[in-house]
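As stored in query-v2.pdb (PDB, C-alpha atoms):
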ATOM      1  CA  MET A 241       0.000   0.000   0.000
ATOM      2  CA  SER A 242       1.156   3.544  -0.613
ATOM      3  CA  SER A 243       1.379   6.081   2.164
ATOM      4  CA  ASN A 244      -0.319   9.290   1.090
ATOM      5  CA  PRO A 245      -1.192  11.521   4.061
ATOM      6  CA  GLU A 246      -3.457  13.722   1.953
ATOM      7  CA  ALA A 247      -5.554  10.785   0.761
ATOM      8  CA  GLU A 248      -5.777   9.401   4.278
ATOM      9  CA  THR A 249      -7.392  12.516   5.737
ATOM     10  CA  ILE A 250      -9.440  14.081   2.933
ATOM     11  CA  GLN A 251     -13.229  13.992   3.417
ATOM     12  CA  ILE A 252     -15.119  13.066   0.246
ATOM     13  CA  THR A 253     -18.610  14.476  -0.237
ATOM     14  CA  MET A 254     -20.935  14.970  -3.224
ATOM     15  CA  ALA A 255     -19.130  18.287  -3.803
ATOM     16  CA  ASN A 256     -15.635  16.855  -4.344
ATOM     17  CA  LEU A 257     -16.075  13.411  -5.869
ATOM     18  CA  ASP A 258     -13.314  14.410  -8.298
ATOM     19  CA  GLN A 259     -10.839  14.116  -5.411
ATOM     20  CA  LEU A 260     -11.201  10.348  -5.627
ATOM     21  CA  LYS A 261      -8.435   8.748  -7.674
ATOM     22  CA  PHE A 262      -9.935   7.561 -10.931
ATOM     23  CA  ASN A 263      -7.551   5.579 -13.132
ATOM     24  CA  ALA A 264      -6.233   6.604 -16.554
ATOM     25  CA  ASP A 265      -9.573   5.549 -18.077
ATOM     26  CA  GLY A 266     -11.511   7.690 -15.580
ATOM     27  CA  LEU A 267     -12.705   4.637 -13.635
ATOM     28  CA  ILE A 268     -12.607   3.452 -10.023
ATOM     29  CA  PRO A 269     -13.219  -0.123  -8.807
ATOM     30  CA  VAL A 270     -16.318  -0.678  -6.686
ATOM     31  CA  ILE A 271     -16.925  -3.638  -4.379
ATOM     32  CA  ALA A 272     -20.663  -4.268  -3.915
ATOM     33  CA  GLN A 273     -21.503  -5.832  -0.556
ATOM     34  CA  ASP A 274     -24.815  -7.004   0.887
ATOM     35  CA  TYR A 275     -25.651  -4.439   3.567
ATOM     36  CA  LYS A 276     -27.295  -7.042   5.797
ATOM     37  CA  ASN A 277     -24.915 -10.010   5.938
ATOM     38  CA  ASN A 278     -21.723  -8.461   4.431
ATOM     39  CA  GLU A 279     -21.572 -11.000   1.586
ATOM     40  CA  VAL A 280     -19.377  -9.656  -1.218
ATOM     41  CA  LEU A 281     -21.569  -9.733  -4.326
ATOM     42  CA  MET A 282     -19.404  -8.432  -7.198
ATOM     43  CA  MET A 283     -16.742  -5.972  -8.238
ATOM     44  CA  ALA A 284     -17.298  -3.557 -11.097
ATOM     45  CA  TRP A 285     -16.176  -0.108 -12.236
ATOM     46  CA  MET A 286     -17.701   3.379 -12.038
ATOM     47  CA  ASN A 287     -16.859   6.656 -13.706
ATOM     48  CA  ILE A 288     -17.718   9.881 -11.885
ATOM     49  CA  ASP A 289     -21.159  10.120 -13.536
ATOM     50  CA  SER A 290     -22.246   6.623 -12.494
ATOM     51  CA  LEU A 291     -20.924   7.290  -8.988
ATOM     52  CA  ARG A 292     -22.901  10.541  -8.742
ATOM     53  CA  ASP A 293     -26.046   8.836 -10.029
ATOM     54  CA  SER A 294     -25.590   5.929  -7.606
ATOM     55  CA  LEU A 295     -25.350   8.376  -4.723
ATOM     56  CA  THR A 296     -28.334  10.495  -5.734
ATOM     57  CA  GLY A 297     -30.640   8.101  -7.573
ATOM     58  CA  GLY A 298     -30.617   5.256  -5.088
ATOM     59  CA  LYS A 299     -29.882   2.559  -7.688
ATOM     60  CA  ALA A 300     -26.327   1.441  -8.448
ATOM     61  CA  SER A 301     -24.997   2.281 -11.889
ATOM     62  CA  TYR A 302     -21.627   1.386 -13.343
ATOM     63  CA  TRP A 303     -19.411   1.780 -16.399
ATOM     64  CA  SER A 304     -19.119  -1.351 -18.519
ATOM     65  CA  ARG A 305     -15.526  -1.680 -19.721
ATOM     66  CA  SER A 306     -16.431  -4.392 -22.240
ATOM     67  CA  ARG A 307     -19.419  -2.564 -23.725
ATOM     68  CA  LYS A 308     -17.953   0.910 -23.077
ATOM     69  CA  THR A 309     -21.268   2.205 -21.817
ATOM     70  CA  TYR A 310     -23.051   3.556 -18.771
ATOM     71  CA  TRP A 311     -25.028   0.751 -17.167
ATOM     72  CA  VAL A 312     -27.779   0.734 -14.545
ATOM     73  CA  LYS A 313     -27.413  -2.586 -12.730
ATOM     74  CA  GLY A 314     -30.724  -4.439 -13.095
ATOM     75  CA  GLU A 315     -32.168  -2.386 -15.959
ATOM     76  CA  THR A 316     -32.644  -5.526 -18.040
ATOM     77  CA  SER A 317     -32.711  -8.250 -15.344
ATOM     78  CA  GLY A 318     -34.678  -6.387 -12.686
ATOM     79  CA  HIS A 319     -31.872  -7.243 -10.271
ATOM     80  CA  PHE A 320     -31.346  -3.703  -9.032
ATOM     81  CA  GLN A 321     -28.987  -2.729  -6.246
ATOM     82  CA  HIS A 322     -30.433  -0.181  -3.846
ATOM     83  CA  VAL A 323     -27.520   1.848  -2.528
ATOM     84  CA  LYS A 324     -27.269   2.203   1.246
ATOM     85  CA  GLU A 325     -23.789   3.645   1.856
ATOM     86  CA  ILE A 326     -20.572   4.130  -0.108
ATOM     87  CA  TYR A 327     -17.177   4.003   1.608
ATOM     88  CA  TYR A 328     -13.770   4.859   0.141
ATOM     89  CA  ASP A 329     -10.392   3.452   1.079
ATOM     90  CA  CYS A 330      -7.285   5.050   2.597
ATOM     91  CA  ASP A 331      -5.815   5.769  -0.846
ATOM     92  CA  CYS A 332      -9.095   7.132  -2.256
ATOM     93  CA  ASP A 333      -8.862   4.724  -5.181
ATOM     94  CA  VAL A 334     -11.343   1.944  -4.285
ATOM     95  CA  LEU A 335     -15.026   2.150  -3.262
ATOM     96  CA  LEU A 336     -17.027  -0.199  -1.039
ATOM     97  CA  MET A 337     -20.770   0.099  -1.643
ATOM     98  CA  LYS A 338     -23.310  -1.401   0.741
ATOM     99  CA  VAL A 339     -26.428  -2.409  -1.181
ATOM    100  CA  GLU A 340     -29.736  -4.127  -0.902
ATOM    101  CA  GLN A 341     -29.449  -6.660  -3.717
ATOM    102  CA  ILE A 342     -32.681  -7.589  -5.499
ATOM    103  CA  GLY A 343     -32.373 -11.153  -6.800
ATOM    104  CA  ALA A 344     -29.007 -12.280  -8.092
ATOM    105  CA  ALA A 345     -25.993  -9.998  -8.343
ATOM    106  CA  CYS A 346     -24.318 -12.240 -10.928
ATOM    107  CA  HIS A 347     -25.447 -12.513 -14.554
ATOM    108  CA  THR A 348     -25.185 -16.320 -14.113
ATOM    109  CA  ASN A 349     -28.048 -16.016 -11.610
ATOM    110  CA  GLN A 350     -25.821 -16.788  -8.659
ATOM    111  CA  ARG A 351     -26.378 -14.526  -5.681
ATOM    112  CA  SER A 352     -22.677 -13.534  -5.722
ATOM    113  CA  CYS A 353     -20.197 -13.503  -8.610
ATOM    114  CA  PHE A 354     -17.714 -15.284  -6.297
ATOM    115  CA  TYR A 355     -19.343 -18.721  -6.391
ATOM    116  CA  ARG A 356     -16.166 -20.735  -7.118
ATOM    117  CA  LYS A 357     -13.116 -21.404  -4.988
ATOM    118  CA  ILE A 358      -9.568 -22.111  -6.163
ATOM    119  CA  GLU A 359      -8.999 -25.728  -5.215
TER     120      GLU A 359
ATOM    121  CA  MET B 105     -20.862  -7.410 -16.772
ATOM    122  CA  SER B 106     -19.652  -9.369 -19.704
ATOM    123  CA  SER B 107     -21.087 -12.731 -20.610
ATOM    124  CA  ASN B 108     -18.334 -15.234 -21.241
ATOM    125  CA  PRO B 109     -19.532 -18.839 -21.031
ATOM    126  CA  GLU B 110     -15.990 -20.215 -20.893
ATOM    127  CA  ALA B 111     -15.064 -18.039 -17.897
ATOM    128  CA  GLU B 112     -18.281 -18.960 -16.138
ATOM    129  CA  THR B 113     -17.614 -22.686 -16.131
ATOM    130  CA  ILE B 114     -13.836 -23.093 -15.982
ATOM    131  CA  GLN B 115     -12.452 -24.615 -12.779
ATOM    132  CA  ILE B 116      -9.331 -22.872 -11.505
ATOM    133  CA  THR B 117      -6.786 -24.912  -9.547
ATOM    134  CA  MET B 118      -3.126 -24.511  -8.648
ATOM    135  CA  ALA B 119      -2.339 -26.111 -12.032
ATOM    136  CA  ASN B 120      -4.036 -23.491 -14.207
ATOM    137  CA  LEU B 121      -3.814 -20.185 -12.382
ATOM    138  CA  ASP B 122      -2.810 -18.666 -15.722
ATOM    139  CA  GLN B 123      -6.415 -19.150 -16.872
ATOM    140  CA  LEU B 124      -7.382 -16.252 -14.624
ATOM    141  CA  LYS B 125      -7.580 -12.957 -16.502
ATOM    142  CA  PHE B 126      -4.655 -10.837 -15.442
ATOM    143  CA  ASN B 127      -4.694  -7.296 -16.827
ATOM    144  CA  ALA B 128      -2.185  -5.786 -19.264
ATOM    145  CA  ASP B 129       0.254  -5.321 -16.373
ATOM    146  CA  GLY B 130      -0.116  -8.967 -15.356
ATOM    147  CA  LEU B 131      -2.186  -8.094 -12.278
ATOM    148  CA  ILE B 132      -5.562  -9.089 -10.851
ATOM    149  CA  PRO B 133      -7.508  -7.208  -8.143
ATOM    150  CA  VAL B 134      -7.963  -9.004  -4.838
ATOM    151  CA  ILE B 135     -10.576  -8.192  -2.206
ATOM    152  CA  ALA B 136      -9.412  -9.255   1.272
ATOM    153  CA  GLN B 137     -12.276 -10.138   3.585
ATOM    154  CA  ASP B 138     -12.282 -11.163   7.254
ATOM    155  CA  TYR B 139     -13.161 -14.868   7.203
ATOM    156  CA  LYS B 140     -15.103 -14.651  10.465
ATOM    157  CA  ASN B 141     -17.362 -11.605  10.176
ATOM    158  CA  ASN B 142     -17.121 -10.873   6.407
ATOM    159  CA  GLU B 143     -15.782  -7.344   6.937
ATOM    160  CA  VAL B 144     -14.076  -6.107   3.762
ATOM    161  CA  LEU B 145     -10.560  -5.155   4.828
ATOM    162  CA  MET B 146      -8.803  -3.867   1.701
ATOM    163  CA  MET B 147      -8.351  -4.268  -2.030
ATOM    164  CA  ALA B 148      -4.940  -4.766  -3.560
ATOM    165  CA  TRP B 149      -3.337  -6.436  -6.587
ATOM    166  CA  MET B 150      -1.555  -9.734  -7.173
ATOM    167  CA  ASN B 151       0.543 -11.078 -10.011
ATOM    168  CA  ILE B 152       0.596 -14.812 -10.604
ATOM    169  CA  ASP B 153       3.637 -15.320  -8.342
ATOM    170  CA  SER B 154       2.097 -13.563  -5.354
ATOM    171  CA  LEU B 155      -1.130 -15.496  -5.931
ATOM    172  CA  ARG B 156       0.726 -18.821  -6.016
ATOM    173  CA  ASP B 157       2.674 -17.923  -2.866
ATOM    174  CA  SER B 158      -0.526 -16.830  -1.095
ATOM    175  CA  LEU B 159      -2.107 -20.183  -1.904
ATOM    176  CA  THR B 160       0.860 -22.299  -0.882
ATOM    177  CA  GLY B 161       2.602 -20.285   1.842
ATOM    178  CA  GLY B 162      -0.405 -19.412   3.923
ATOM    179  CA  LYS B 163       0.374 -15.698   4.160
ATOM    180  CA  ALA B 164      -1.067 -13.188   1.693
ATOM    181  CA  SER B 165       1.388 -11.516  -0.654
ATOM    182  CA  TYR B 166       0.650  -8.874  -3.257
ATOM    183  CA  TRP B 167       2.221  -6.777  -5.974
ATOM    184  CA  SER B 168       2.704  -3.124  -5.048
ATOM    185  CA  ARG B 169       1.866  -0.977  -8.055
ATOM    186  CA  SER B 170       3.397   2.148  -6.488
ATOM    187  CA  ARG B 171       6.646   0.490  -5.402
ATOM    188  CA  LYS B 172       6.639  -2.012  -8.307
ATOM    189  CA  THR B 173       7.618  -4.824  -6.010
ATOM    190  CA  TYR B 174       6.475  -8.135  -4.565
ATOM    191  CA  TRP B 175       5.131  -7.540  -1.087
ATOM    192  CA  VAL B 176       4.295  -9.894   1.788
ATOM    193  CA  LYS B 177       1.509  -8.178   3.698
ATOM    194  CA  GLY B 178       2.708  -7.703   7.283
ATOM    195  CA  GLU B 179       6.424  -8.265   6.666
ATOM    196  CA  THR B 180       7.254  -4.896   8.236
ATOM    197  CA  SER B 181       4.148  -4.270  10.389
ATOM    198  CA  GLY B 182       3.584  -7.805  11.615
ATOM    199  CA  HIS B 183      -0.003  -7.476  10.381
ATOM    200  CA  PHE B 184      -0.025 -10.669   8.376
ATOM    201  CA  GLN B 185      -3.042 -12.090   6.611
ATOM    202  CA  HIS B 186      -3.405 -15.840   7.001
ATOM    203  CA  VAL B 187      -5.148 -17.095   3.869
ATOM    204  CA  LYS B 188      -8.206 -19.297   4.401
ATOM    205  CA  GLU B 189      -9.840 -19.504   0.944
ATOM    206  CA  ILE B 190      -9.596 -17.700  -2.392
ATOM    207  CA  TYR B 191     -12.641 -17.340  -4.653
ATOM    208  CA  TYR B 192     -12.749 -16.027  -8.238
ATOM    209  CA  ASP B 193     -15.584 -14.268  -9.974
ATOM    210  CA  CYS B 194     -17.725 -15.219 -12.978
ATOM    211  CA  ASP B 195     -15.385 -13.426 -15.392
ATOM    212  CA  CYS B 196     -12.220 -14.860 -13.798
ATOM    213  CA  ASP B 197     -10.823 -11.353 -13.397
ATOM    214  CA  VAL B 198     -11.347 -10.560  -9.688
ATOM    215  CA  LEU B 199     -10.361 -12.551  -6.579
ATOM    216  CA  LEU B 200     -12.026 -12.647  -3.167
ATOM    217  CA  MET B 201      -9.676 -13.855  -0.447
ATOM    218  CA  LYS B 202     -10.911 -14.870   3.000
ATOM    219  CA  VAL B 203      -8.237 -14.161   5.597
ATOM    220  CA  GLU B 204      -7.499 -14.149   9.267
ATOM    221  CA  GLN B 205      -6.226 -10.596   9.706
ATOM    222  CA  ILE B 206      -3.592 -10.039  12.392
ATOM    223  CA  GLY B 207      -3.947  -6.510  13.751
ATOM    224  CA  ALA B 208      -4.897  -3.764  11.300
ATOM    225  CA  ALA B 209      -5.288  -4.334   7.572
ATOM    226  CA  CYS B 210      -4.793  -0.632   6.792
ATOM    227  CA  HIS B 211      -1.426   1.129   6.996
ATOM    228  CA  THR B 212      -3.233   3.902   8.920
ATOM    229  CA  ASN B 213      -3.791   1.328  11.685
ATOM    230  CA  GLN B 214      -7.501   1.119  11.001
ATOM    231  CA  ARG B 215      -8.844  -2.411  10.965
ATOM    232  CA  SER B 216     -10.234  -1.862   7.420
ATOM    233  CA  CYS B 217      -9.051   0.528   4.714
ATOM    234  CA  PHE B 218     -12.721   1.512   4.217
ATOM    235  CA  TYR B 219     -13.075   3.631   7.360
ATOM    236  CA  ARG B 220     -14.689   6.677   5.700
ATOM    237  CA  LYS B 221     -18.097   7.126   4.113
ATOM    238  CA  ILE B 222     -19.053   9.541   1.316
ATOM    239  CA  GLU B 223     -21.364  12.021   3.042
TER     240      GLU B 223
END

Go ahead and express the file in the form of C-alpha cells.
Amino acid sequence: MSSNPEAETIQITMANLDQLKFNADGLIPVIAQDYKNNEVLMMAWMNIDSLRDSLTGGKASYWSRSRKTYWVKGETSGHFQHVKEIYYDCDCDVLLMKVEQIGAACHTNQRSCFYRKIE
Amino acid sequence: MSSNPEAETIQITMANLDQLKFNADGLIPVIAQDYKNNEVLMMAWMNIDSLRDSLTGGKASYWSRSRKTYWVKGETSGHFQHVKEIYYDCDCDVLLMKVEQIGAACHTNQRSCFYRKIE
C-alpha cells in the first residue's frame, strides 16, 4: 500500500467526488456488498457520472468496460442494487458500496459472482 | 458485466492459475475479507507469483503498483493475513480472499481501509 497523508485525511462528499483517484480511463473499482450479511456480491467499475447517479438516484450504476457504456445494474434483469452507503479506502482509489441486492448480483443467476473457490 | 460462457464454467486450480484474466500489467484485483465476520478489509493487486505464494505459503502476498515490487503483507508491520480460501468471480478477473487478519489491515492502523463514508 502507498502512504499518502493527503488521501488518508481528505473527506469526500458529493461536492468533491473528483478528489477520488480515478484511473487513466476515468474509472474506479467498486466492491458491492450485501448491507445485511456483508456478503461480497461483485466488483465492477464506475466513472464519476455513475458514482454521482448511484449516490443520488438510489440505484447502483456502473461503467461497462467491455461494452464501453453507462449501465444501470438491473435495468434488463430487474436485479437492481439499492444503494445504502458508499465508503472509500485510505488511498481514495477503491469504493465499497453497501447495497440491498434484489435477486441475483451475478449474470449467471448466482447470488454472488464469487461462487467458485480455487482448489 | 460481460457474458463469457468459458469463464463462467472453468475450474481454476493450482495447475491453471494462468487461466485467470490478469490485466495488461499482469495483475488481478484481490478483495481481502475477514473470514469470520465478512468485513471487507482492503483491495490490492496480485501477479501470478504472489497469488501462487498466497495459496501455498499461507500468508497473503501482493504486488505493489506504487513500489513495483512483490510484497508480503505484514512483513514490516507484523499485520499478516493468514489465507483461508480464495474465490474467483464469474469473469475470472477478480479474486475474493478470505483471511485471518492479524492486527490492522490498513497502513493507517484502522482495521479496514474503508473507514470513511461519502457524506

If the PyMOL selection byres ((chain A and resi 272-274) around 7) is run on the structure shown, which residues does it catch, given as a ChimeraX atom specification?
/A:270-271,275-283,336-341

List, as a PDB file with C-alpha atoms, keeping the file's coordinate frame, every residue that the PyMOL selection byres ((chain B) within 9 of (chain A)) selects in the file provided.
ATOM      1  CA  MET B 105     -20.862  -7.410 -16.772  1.00  0.00           C
ATOM      2  CA  SER B 106     -19.652  -9.369 -19.704  1.00  0.00           C
ATOM      3  CA  SER B 107     -21.087 -12.731 -20.610  1.00  0.00           C
ATOM      4  CA  GLU B 112     -18.281 -18.960 -16.138  1.00  0.00           C
ATOM      5  CA  GLN B 115     -12.452 -24.615 -12.779  1.00  0.00           C
ATOM      6  CA  ILE B 116      -9.331 -22.872 -11.505  1.00  0.00           C
ATOM      7  CA  THR B 117      -6.786 -24.912  -9.547  1.00  0.00           C
ATOM      8  CA  MET B 118      -3.126 -24.511  -8.648  1.00  0.00           C
ATOM      9  CA  LEU B 121      -3.814 -20.185 -12.382  1.00  0.00           C
ATOM     10  CA  ILE B 135     -10.576  -8.192  -2.206  1.00  0.00           C
ATOM     11  CA  GLN B 137     -12.276 -10.138   3.585  1.00  0.00           C
ATOM     12  CA  ASN B 141     -17.362 -11.605  10.176  1.00  0.00           C
ATOM     13  CA  ASN B 142     -17.121 -10.873   6.407  1.00  0.00           C
ATOM     14  CA  GLU B 143     -15.782  -7.344   6.937  1.00  0.00           C
ATOM     15  CA  VAL B 144     -14.076  -6.107   3.762  1.00  0.00           C
ATOM     16  CA  MET B 146      -8.803  -3.867   1.701  1.00  0.00           C
ATOM     17  CA  MET B 147      -8.351  -4.268  -2.030  1.00  0.00           C
ATOM     18  CA  ALA B 148      -4.940  -4.766  -3.560  1.00  0.00           C
ATOM     19  CA  LEU B 159      -2.107 -20.183  -1.904  1.00  0.00           C
ATOM     20  CA  SER B 168       2.704  -3.124  -5.048  1.00  0.00           C
ATOM     21  CA  ARG B 169       1.866  -0.977  -8.055  1.00  0.00           C
ATOM     22  CA  SER B 170       3.397   2.148  -6.488  1.00  0.00           C
ATOM     23  CA  ARG B 171       6.646   0.490  -5.402  1.00  0.00           C
ATOM     24  CA  GLU B 189      -9.840 -19.504   0.944  1.00  0.00           C
ATOM     25  CA  ILE B 190      -9.596 -17.700  -2.392  1.00  0.00           C
ATOM     26  CA  TYR B 191     -12.641 -17.340  -4.653  1.00  0.00           C
ATOM     27  CA  TYR B 192     -12.749 -16.027  -8.238  1.00  0.00           C
ATOM     28  CA  ASP B 193     -15.584 -14.268  -9.974  1.00  0.00           C
ATOM     29  CA  CYS B 194     -17.725 -15.219 -12.978  1.00  0.00           C
ATOM     30  CA  ASP B 195     -15.385 -13.426 -15.392  1.00  0.00           C
ATOM     31  CA  VAL B 198     -11.347 -10.560  -9.688  1.00  0.00           C
ATOM     32  CA  LEU B 199     -10.361 -12.551  -6.579  1.00  0.00           C
ATOM     33  CA  LEU B 200     -12.026 -12.647  -3.167  1.00  0.00           C
ATOM     34  CA  CYS B 210      -4.793  -0.632   6.792  1.00  0.00           C
ATOM     35  CA  HIS B 211      -1.426   1.129   6.996  1.00  0.00           C
ATOM     36  CA  THR B 212      -3.233   3.902   8.920  1.00  0.00           C
ATOM     37  CA  SER B 216     -10.234  -1.862   7.420  1.00  0.00           C
ATOM     38  CA  CYS B 217      -9.051   0.528   4.714  1.00  0.00           C
ATOM     39  CA  PHE B 218     -12.721   1.512   4.217  1.00  0.00           C
ATOM     40  CA  TYR B 219     -13.075   3.631   7.360  1.00  0.00           C
ATOM     41  CA  ARG B 220     -14.689   6.677   5.700  1.00  0.00           C
ATOM     42  CA  LYS B 221     -18.097   7.126   4.113  1.00  0.00           C
ATOM     43  CA  ILE B 222     -19.053   9.541   1.316  1.00  0.00           C
ATOM     44  CA  GLU B 223     -21.364  12.021   3.042  1.00  0.00           C
TER      45      GLU B 223
END

Please give chain B as a short mmCIF file (atom, residue, chain, number, x, y, z; two decimals) with C-alpha atoms, keeping the file's coordinate frame, after it has been superposed on chain A by least squares over all Cα atoms paired in order.
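Here's the written file part_16.cif:
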data_model
loop_
_atom_site.label_atom_id
_atom_site.label_comp_id
_atom_site.auth_asym_id
_atom_site.auth_seq_id
_atom_site.Cartn_x
_atom_site.Cartn_y
_atom_site.Cartn_z
CA MET B 105 -0.01 -0.01 0.02
CA SER B 106 1.11 3.49 -0.61
CA SER B 107 1.35 6.06 2.13
CA ASN B 108 -0.32 9.28 1.10
CA PRO B 109 -1.18 11.52 4.05
CA GLU B 110 -3.45 13.74 1.95
CA ALA B 111 -5.55 10.78 0.76
CA GLU B 112 -5.78 9.42 4.28
CA THR B 113 -7.40 12.52 5.74
CA ILE B 114 -9.45 14.07 2.94
CA GLN B 115 -13.22 14.01 3.40
CA ILE B 116 -15.12 13.08 0.25
CA THR B 117 -18.62 14.48 -0.24
CA MET B 118 -20.94 14.97 -3.20
CA ALA B 119 -19.13 18.29 -3.80
CA ASN B 120 -15.65 16.85 -4.35
CA LEU B 121 -16.08 13.41 -5.86
CA ASP B 122 -13.32 14.38 -8.29
CA GLN B 123 -10.85 14.11 -5.40
CA LEU B 124 -11.20 10.34 -5.63
CA LYS B 125 -8.44 8.75 -7.68
CA PHE B 126 -9.94 7.57 -10.93
CA ASN B 127 -7.56 5.58 -13.13
CA ALA B 128 -6.25 6.60 -16.56
CA ASP B 129 -9.58 5.55 -18.08
CA GLY B 130 -11.50 7.68 -15.59
CA LEU B 131 -12.71 4.63 -13.64
CA ILE B 132 -12.61 3.45 -10.03
CA PRO B 133 -13.23 -0.13 -8.81
CA VAL B 134 -16.31 -0.68 -6.68
CA ILE B 135 -16.92 -3.63 -4.37
CA ALA B 136 -20.66 -4.27 -3.90
CA GLN B 137 -21.49 -5.83 -0.56
CA ASP B 138 -24.81 -7.01 0.88
CA TYR B 139 -25.65 -4.44 3.57
CA LYS B 140 -27.29 -7.04 5.81
CA ASN B 141 -24.93 -10.01 5.93
CA ASN B 142 -21.74 -8.47 4.44
CA GLU B 143 -21.56 -11.00 1.59
CA VAL B 144 -19.37 -9.65 -1.22
CA LEU B 145 -21.56 -9.72 -4.32
CA MET B 146 -19.41 -8.42 -7.18
CA MET B 147 -16.75 -5.96 -8.23
CA ALA B 148 -17.29 -3.56 -11.09
CA TRP B 149 -16.19 -0.10 -12.22
CA MET B 150 -17.71 3.38 -12.04
CA ASN B 151 -16.87 6.66 -13.70
CA ILE B 152 -17.72 9.87 -11.88
CA ASP B 153 -21.17 10.11 -13.53
CA SER B 154 -22.24 6.62 -12.50
CA LEU B 155 -20.93 7.29 -8.99
CA ARG B 156 -22.90 10.53 -8.73
CA ASP B 157 -26.05 8.84 -10.03
CA SER B 158 -25.59 5.93 -7.60
CA LEU B 159 -25.36 8.39 -4.72
CA THR B 160 -28.33 10.50 -5.74
CA GLY B 161 -30.65 8.10 -7.57
CA GLY B 162 -30.61 5.26 -5.11
CA LYS B 163 -29.87 2.56 -7.67
CA ALA B 164 -26.32 1.45 -8.45
CA SER B 165 -24.99 2.28 -11.89
CA TYR B 166 -21.62 1.39 -13.34
CA TRP B 167 -19.43 1.78 -16.39
CA SER B 168 -19.13 -1.35 -18.52
CA ARG B 169 -15.55 -1.69 -19.71
CA SER B 170 -16.45 -4.39 -22.25
CA ARG B 171 -19.44 -2.56 -23.73
CA LYS B 172 -17.96 0.91 -23.08
CA THR B 173 -21.27 2.18 -21.81
CA TYR B 174 -23.05 3.55 -18.76
CA TRP B 175 -25.02 0.76 -17.16
CA VAL B 176 -27.78 0.74 -14.53
CA LYS B 177 -27.41 -2.58 -12.73
CA GLY B 178 -30.71 -4.45 -13.09
CA GLU B 179 -32.16 -2.38 -15.95
CA THR B 180 -32.64 -5.52 -18.05
CA SER B 181 -32.70 -8.25 -15.35
CA GLY B 182 -34.66 -6.38 -12.70
CA HIS B 183 -31.85 -7.23 -10.28
CA PHE B 184 -31.34 -3.71 -9.03
CA GLN B 185 -28.98 -2.72 -6.25
CA HIS B 186 -30.43 -0.18 -3.85
CA VAL B 187 -27.52 1.86 -2.53
CA LYS B 188 -27.27 2.19 1.26
CA GLU B 189 -23.77 3.64 1.86
CA ILE B 190 -20.56 4.12 -0.11
CA TYR B 191 -17.17 3.99 1.61
CA TYR B 192 -13.76 4.87 0.13
CA ASP B 193 -10.40 3.46 1.07
CA CYS B 194 -7.29 5.05 2.59
CA ASP B 195 -5.81 5.78 -0.85
CA CYS B 196 -9.10 7.14 -2.26
CA ASP B 197 -8.86 4.72 -5.17
CA VAL B 198 -11.33 1.94 -4.28
CA LEU B 199 -15.01 2.14 -3.26
CA LEU B 200 -17.02 -0.19 -1.04
CA MET B 201 -20.75 0.10 -1.64
CA LYS B 202 -23.31 -1.40 0.73
CA VAL B 203 -26.43 -2.40 -1.18
CA GLU B 204 -29.74 -4.12 -0.90
CA GLN B 205 -29.46 -6.64 -3.73
CA ILE B 206 -32.68 -7.59 -5.51
CA GLY B 207 -32.38 -11.16 -6.79
CA ALA B 208 -28.99 -12.28 -8.09
CA ALA B 209 -25.98 -9.98 -8.36
CA CYS B 210 -24.29 -12.24 -10.93
CA HIS B 211 -25.43 -12.52 -14.55
CA THR B 212 -25.17 -16.32 -14.11
CA ASN B 213 -28.04 -16.02 -11.62
CA GLN B 214 -25.81 -16.79 -8.67
CA ARG B 215 -26.38 -14.52 -5.70
CA SER B 216 -22.66 -13.53 -5.72
CA CYS B 217 -20.19 -13.50 -8.61
CA PHE B 218 -17.71 -15.28 -6.29
CA TYR B 219 -19.35 -18.71 -6.38
CA ARG B 220 -16.18 -20.73 -7.11
CA LYS B 221 -13.13 -21.41 -4.97
CA ILE B 222 -9.57 -22.10 -6.17
CA GLU B 223 -9.01 -25.74 -5.21
#

How far is it from atom CA of Thr309 of chain A to atom CA of Met150 of chain B, in Å with one decimal?
27.3 Å

What is the atom CA of Lys308 of chain A-atom CA of Ser290 of chain A distance in Å, reported with one decimal?
12.8 Å

Between atom CA of Ile288 of chain A and atom CA of Ile268 of chain A, measure the distance and give it in Å to one decimal.
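These atoms are spaced 8.4 Å apart.
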
Selection result of the PyMOL selection byres ((chain B and resi 164) around 6) on this file, as a ChimeraX atom specification:
/B:158,163,165,177,185

What box, with edges along x, y and z, holds each listed atom of segment 199-203 of chain B when 4 Å is added on every side, and can you state its centre and edge lengths in Å to one decimal, as AutoDock Vina command-line options?
--center_x -10.1 --center_y -13.7 --center_z -0.5 --size_x 11.8 --size_y 10.3 --size_z 20.2

Which residue out of B:Arg156, B:Gly130, B:His183, B:Leu124 has the minimum interatomic distance to Asn213 of chain B when all atoms listed in the file are used?
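Result for the nearest residue to Asn213 of chain B: B:His183.
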